[in-house]
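Participant: Before anything else, here's the structure in question.
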Amino acid sequence: MNHTASDDDAERTWCLAEVDIFCDLSEHEMEAIAAAAPMKTYHAGEILYSPTQPSEVLFILKKGRVRIFRVSADGRALTTAIISPNTIFGEMVLLGQHMYDNYAEALDDTVVCVMSRSDVHKYLLSDARIAARITAILGRRLSDLEQRLSDSVFKTVAQRVATTLTTLSTAQPSGSALRPGGRHPQIALTHEQLAALAGTSRETCTKVLRDMEERGLLRLARGRITVLDRERLQDAAG
């Protein structure tokens, strides 16, 4: 039993060790934060956060990708952010971070550490180093949101699909982006998932992807897209 508890503690510390905002903390500081941030796992497609069941918690994403999206009155989903590992998201008024009417959905099998309001105040906001890094992260995310909203208005569907693929292939760690022995980034998404990210229908997304495959930019497989020519894909993104 003690061995299991020790393993759990080590696993929680591992969950936080590579997160940028904690990059220069001591082992003792890391252990204290890890003890206050229990890990949770979600399967691809599961909802981590919903406006119908709001809770003020901060998620620290260790593994997988998370899509933040909102649903319009006519049922269309607009992706507002794609969260990559080793960063934060969630509803936390203390940090000036709000989910509003957004949902958070796991794009992959996902591991997060979860902190309550009181622990965020105790362990994060009390440390000027961490608080400053959180402010920088939220500023970059706001800039990304503005760009995404601009893209939804001014870019064609093909450009939005190319932009989304470029972003995802760049955001993935090199170890997970490349298949064993492979040379090209691979993105684990269905056409339906990619369509939701790009703000279009699955049928239109599939048509765009097949056109890109014919042009040699991509290779398509079930639930996986291989980027063959990232430079030309970036050009296609406009």
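Naming works like this for the structure tokens: A, B, ... for the chains as they're shown, residue 1 at the start of each chain, ligands 1 onward in shown order.
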Tell me which protein, DNA and RNA residues are within 10 Å of range 154-169 of chain A, counting only C-alpha atoms, leaving out same-chain ones fewer than 5 positions away, and put them as a VMD selection string.
Facilitator: chain A and resid 65 82 to 84 148 to 149 174 177 to 178 184 to 189 194 to 201 204 to 205 207 to 209 211 to 212 217 to 218 225 to 227 230 to 238
Participant: Using Å and a single decimal, report how far CA of Gln193 in chain A sits from CA of Leu16 in chain A.
Facilitator: 28.1 Å
Participant: Could you check how far CA of Ala77 in chain A sits from CA of Phe89 in chain A, in Å to one decimal?
Facilitator: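 Separation between CA of Ala77 in chain A and CA of Phe89 in chain A: 18.9 Å.
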Participant: My list of candidates is A:Leu228, A:Glu213, A:Leu78, A:Arg141. Which is closest to Arg183 in chain A when distances are computed with only C-alpha atoms?
Facilitator: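 Between A:Leu228, A:Glu213, A:Leu78, A:Arg141, the residue approaching Arg183 in chain A most closely is A:Leu228.
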Participant: Would you mind listing what lies within 12 Å of Ala128 in chain A as an mmCIF file with all heavy atoms, in the first residue's frame, with only C-alpha atoms counted and same-chain residues fewer than 6 positions away left out?
Facilitator:
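So the final result, stored in part14.cif, reads:
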data_model
loop_
_atom_site.group_PDB
_atom_site.id
_atom_site.type_symbol
_atom_site.label_atom_id
_atom_site.label_comp_id
_atom_site.auth_asym_id
_atom_site.auth_seq_id
_atom_site.Cartn_x
_atom_site.Cartn_y
_atom_site.Cartn_z
ATOM 1 N N ILE A 21 5.490 26.898 -16.367
ATOM 2 C CA ILE A 21 5.331 27.853 -15.260
ATOM 3 C C ILE A 21 6.003 27.364 -13.981
ATOM 4 O O ILE A 21 6.215 28.149 -13.051
ATOM 5 C CB ILE A 21 3.844 28.166 -14.982
ATOM 6 C CG1 ILE A 21 3.074 26.914 -14.563
ATOM 7 C CG2 ILE A 21 3.192 28.848 -16.168
ATOM 8 C CD1 ILE A 21 1.645 27.198 -14.131
ATOM 9 N N PHE A 22 6.365 26.069 -13.930
ATOM 10 C CA PHE A 22 7.022 25.529 -12.748
ATOM 11 C C PHE A 22 8.510 25.236 -12.990
ATOM 12 O O PHE A 22 9.126 24.490 -12.233
ATOM 13 C CB PHE A 22 6.332 24.233 -12.296
ATOM 14 C CG PHE A 22 4.861 24.378 -12.043
ATOM 15 C CD1 PHE A 22 3.958 23.483 -12.588
ATOM 16 C CD2 PHE A 22 4.369 25.406 -11.250
ATOM 17 C CE1 PHE A 22 2.594 23.601 -12.347
ATOM 18 C CE2 PHE A 22 3.013 25.537 -11.008
ATOM 19 C CZ PHE A 22 2.121 24.646 -11.560
ATOM 20 N N LEU A 25 11.202 25.707 -9.946
ATOM 21 C CA LEU A 25 10.830 25.433 -8.565
ATOM 22 C C LEU A 25 11.722 24.340 -7.975
ATOM 23 O O LEU A 25 12.215 23.460 -8.683
ATOM 24 C CB LEU A 25 9.366 24.997 -8.484
ATOM 25 C CG LEU A 25 8.308 25.994 -8.961
ATOM 26 C CD1 LEU A 25 6.930 25.495 -8.567
ATOM 27 C CD2 LEU A 25 8.545 27.388 -8.415
ATOM 28 N N HIS A 121 -4.616 29.967 -5.202
ATOM 29 C CA HIS A 121 -4.234 31.168 -4.456
ATOM 30 C C HIS A 121 -3.022 30.885 -3.573
ATOM 31 O O HIS A 121 -2.079 31.702 -3.495
ATOM 32 C CB HIS A 121 -5.401 31.637 -3.595
ATOM 33 C CG HIS A 121 -5.180 32.979 -2.961
ATOM 34 N ND1 HIS A 121 -4.505 33.129 -1.781
ATOM 35 C CD2 HIS A 121 -5.526 34.231 -3.362
ATOM 36 C CE1 HIS A 121 -4.435 34.414 -1.468
ATOM 37 N NE2 HIS A 121 -5.055 35.097 -2.406
ATOM 38 N N LYS A 122 -3.004 29.730 -2.926
ATOM 39 C CA LYS A 122 -1.940 29.400 -1.976
ATOM 40 C C LYS A 122 -0.608 29.122 -2.662
ATOM 41 O O LYS A 122 0.447 29.592 -2.205
ATOM 42 C CB LYS A 122 -2.366 28.183 -1.154
ATOM 43 C CG LYS A 122 -1.327 27.725 -0.135
ATOM 44 C CD LYS A 122 -1.855 26.544 0.673
ATOM 45 C CE LYS A 122 -0.825 26.065 1.698
ATOM 46 N NZ LYS A 122 -1.341 24.910 2.494
ATOM 47 N N ILE A 134 1.837 32.896 -15.788
ATOM 48 C CA ILE A 134 0.421 32.660 -16.086
ATOM 49 C C ILE A 134 -0.161 33.839 -16.855
ATOM 50 O O ILE A 134 -0.896 33.664 -17.831
ATOM 51 C CB ILE A 134 -0.365 32.417 -14.781
ATOM 52 C CG1 ILE A 134 0.011 31.052 -14.195
ATOM 53 C CG2 ILE A 134 -1.871 32.488 -15.040
ATOM 54 C CD1 ILE A 134 -0.597 30.784 -12.831
ATOM 55 N N THR A 135 0.180 35.049 -16.440
ATOM 56 C CA THR A 135 -0.288 36.247 -17.145
ATOM 57 C C THR A 135 0.165 36.234 -18.595
ATOM 58 O O THR A 135 -0.611 36.561 -19.511
ATOM 59 C CB THR A 135 0.241 37.516 -16.451
ATOM 60 O OG1 THR A 135 -0.256 37.557 -15.111
ATOM 61 C CG2 THR A 135 -0.218 38.763 -17.188
#
Participant: Just to confirm, what's the straight-line distance from CA of Ala34 in chain A to CA of Glu91 in chain A in Å (one decimal)?
Facilitator: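 If I compute the distance from CA of Ala34 in chain A to CA of Glu91 in chain A, I get 19.4 Å.
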Participant: A:Ala81, A:Ile88, A:Val111, A:Val57: which is nearest Thr41 in chain A, counting only C-alpha atoms?
Facilitator: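 Looking only at the distances to Thr41 in chain A, the closest residue turns out to be A:Val111.
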Participant: Using DSSP assignments from the backbone, pull out every residue in range 102-149 of chain A that falls under strand (DSSP E) and give it to me as a list in words.
Facilitator: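 So, restricting range 102-149 of chain A to strand (DSSP E), we get Tyr103, Ala104, Glu105, Ala106, Thr110, Val111, Val112, Cys113, Val114, Met115 and Ser116 of chain A.
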Participant: Write out as a list in words the residues lying within 12 Å of Cys23 in chain A, counting only C-alpha atoms and excluding same-chain residues fewer than 5 positions away.
Facilitator: Leu16, Ala17, Glu18, Glu29, Met30, Asn86, Thr87, Arg129, Ile130 and Arg133 of chain A
Participant: With N, CA and C atoms kept, could you save the residues just selected as a CSV table (one decimal), in the first residue's frame?
Facilitator:
chain,number,residue,atom,x,y,z
A,16,LEU,N,3.7,17.5,-13.3
A,16,LEU,CA,3.9,19.0,-13.2
A,16,LEU,C,5.4,19.3,-13.6
A,17,ALA,N,6.3,18.4,-13.6
A,17,ALA,CA,7.7,18.7,-13.7
A,17,ALA,C,8.1,19.4,-15.0
A,18,GLU,N,7.4,19.1,-16.1
A,18,GLU,CA,7.8,19.7,-17.3
A,18,GLU,C,7.0,20.9,-17.7
A,29,GLU,N,9.1,22.5,-3.4
A,29,GLU,CA,8.0,23.3,-3.9
A,29,GLU,C,7.1,22.5,-4.9
A,30,MET,N,7.8,21.7,-5.7
A,30,MET,CA,7.1,20.8,-6.7
A,30,MET,C,6.2,19.8,-6.0
A,86,ASN,N,1.5,20.7,-21.2
A,86,ASN,CA,2.4,21.5,-20.4
A,86,ASN,C,2.0,22.9,-20.3
A,87,THR,N,0.7,23.2,-20.3
A,87,THR,CA,0.1,24.5,-20.1
A,87,THR,C,-1.2,24.4,-19.3
A,129,ARG,N,6.9,34.6,-9.6
A,129,ARG,CA,7.4,33.9,-10.8
A,129,ARG,C,6.3,33.2,-11.6
A,130,ILE,N,5.5,32.4,-10.8
A,130,ILE,CA,4.5,31.7,-11.5
A,130,ILE,C,3.4,32.6,-12.0
A,133,ARG,N,4.2,34.3,-15.2
A,133,ARG,CA,4.2,33.3,-16.4
A,133,ARG,C,2.7,33.0,-16.8
Participant: As a VMD selection string, which residues of chain A does DSSP assign to alpha helix (DSSP H)?
Facilitator: chain A and resid 2 to 17 27 to 35 117 to 119 128 to 154 157 to 171 174 to 177 191 to 198 202 to 214 230 to 236
Participant: Residues at most 7 Å from Met39 in chain A, counting only C-alpha atoms, excluding those fewer than 2 positions away in the same chain, as an MDAnalysis selection string?
Facilitator: chainID A and resid 12 37 41 111:114
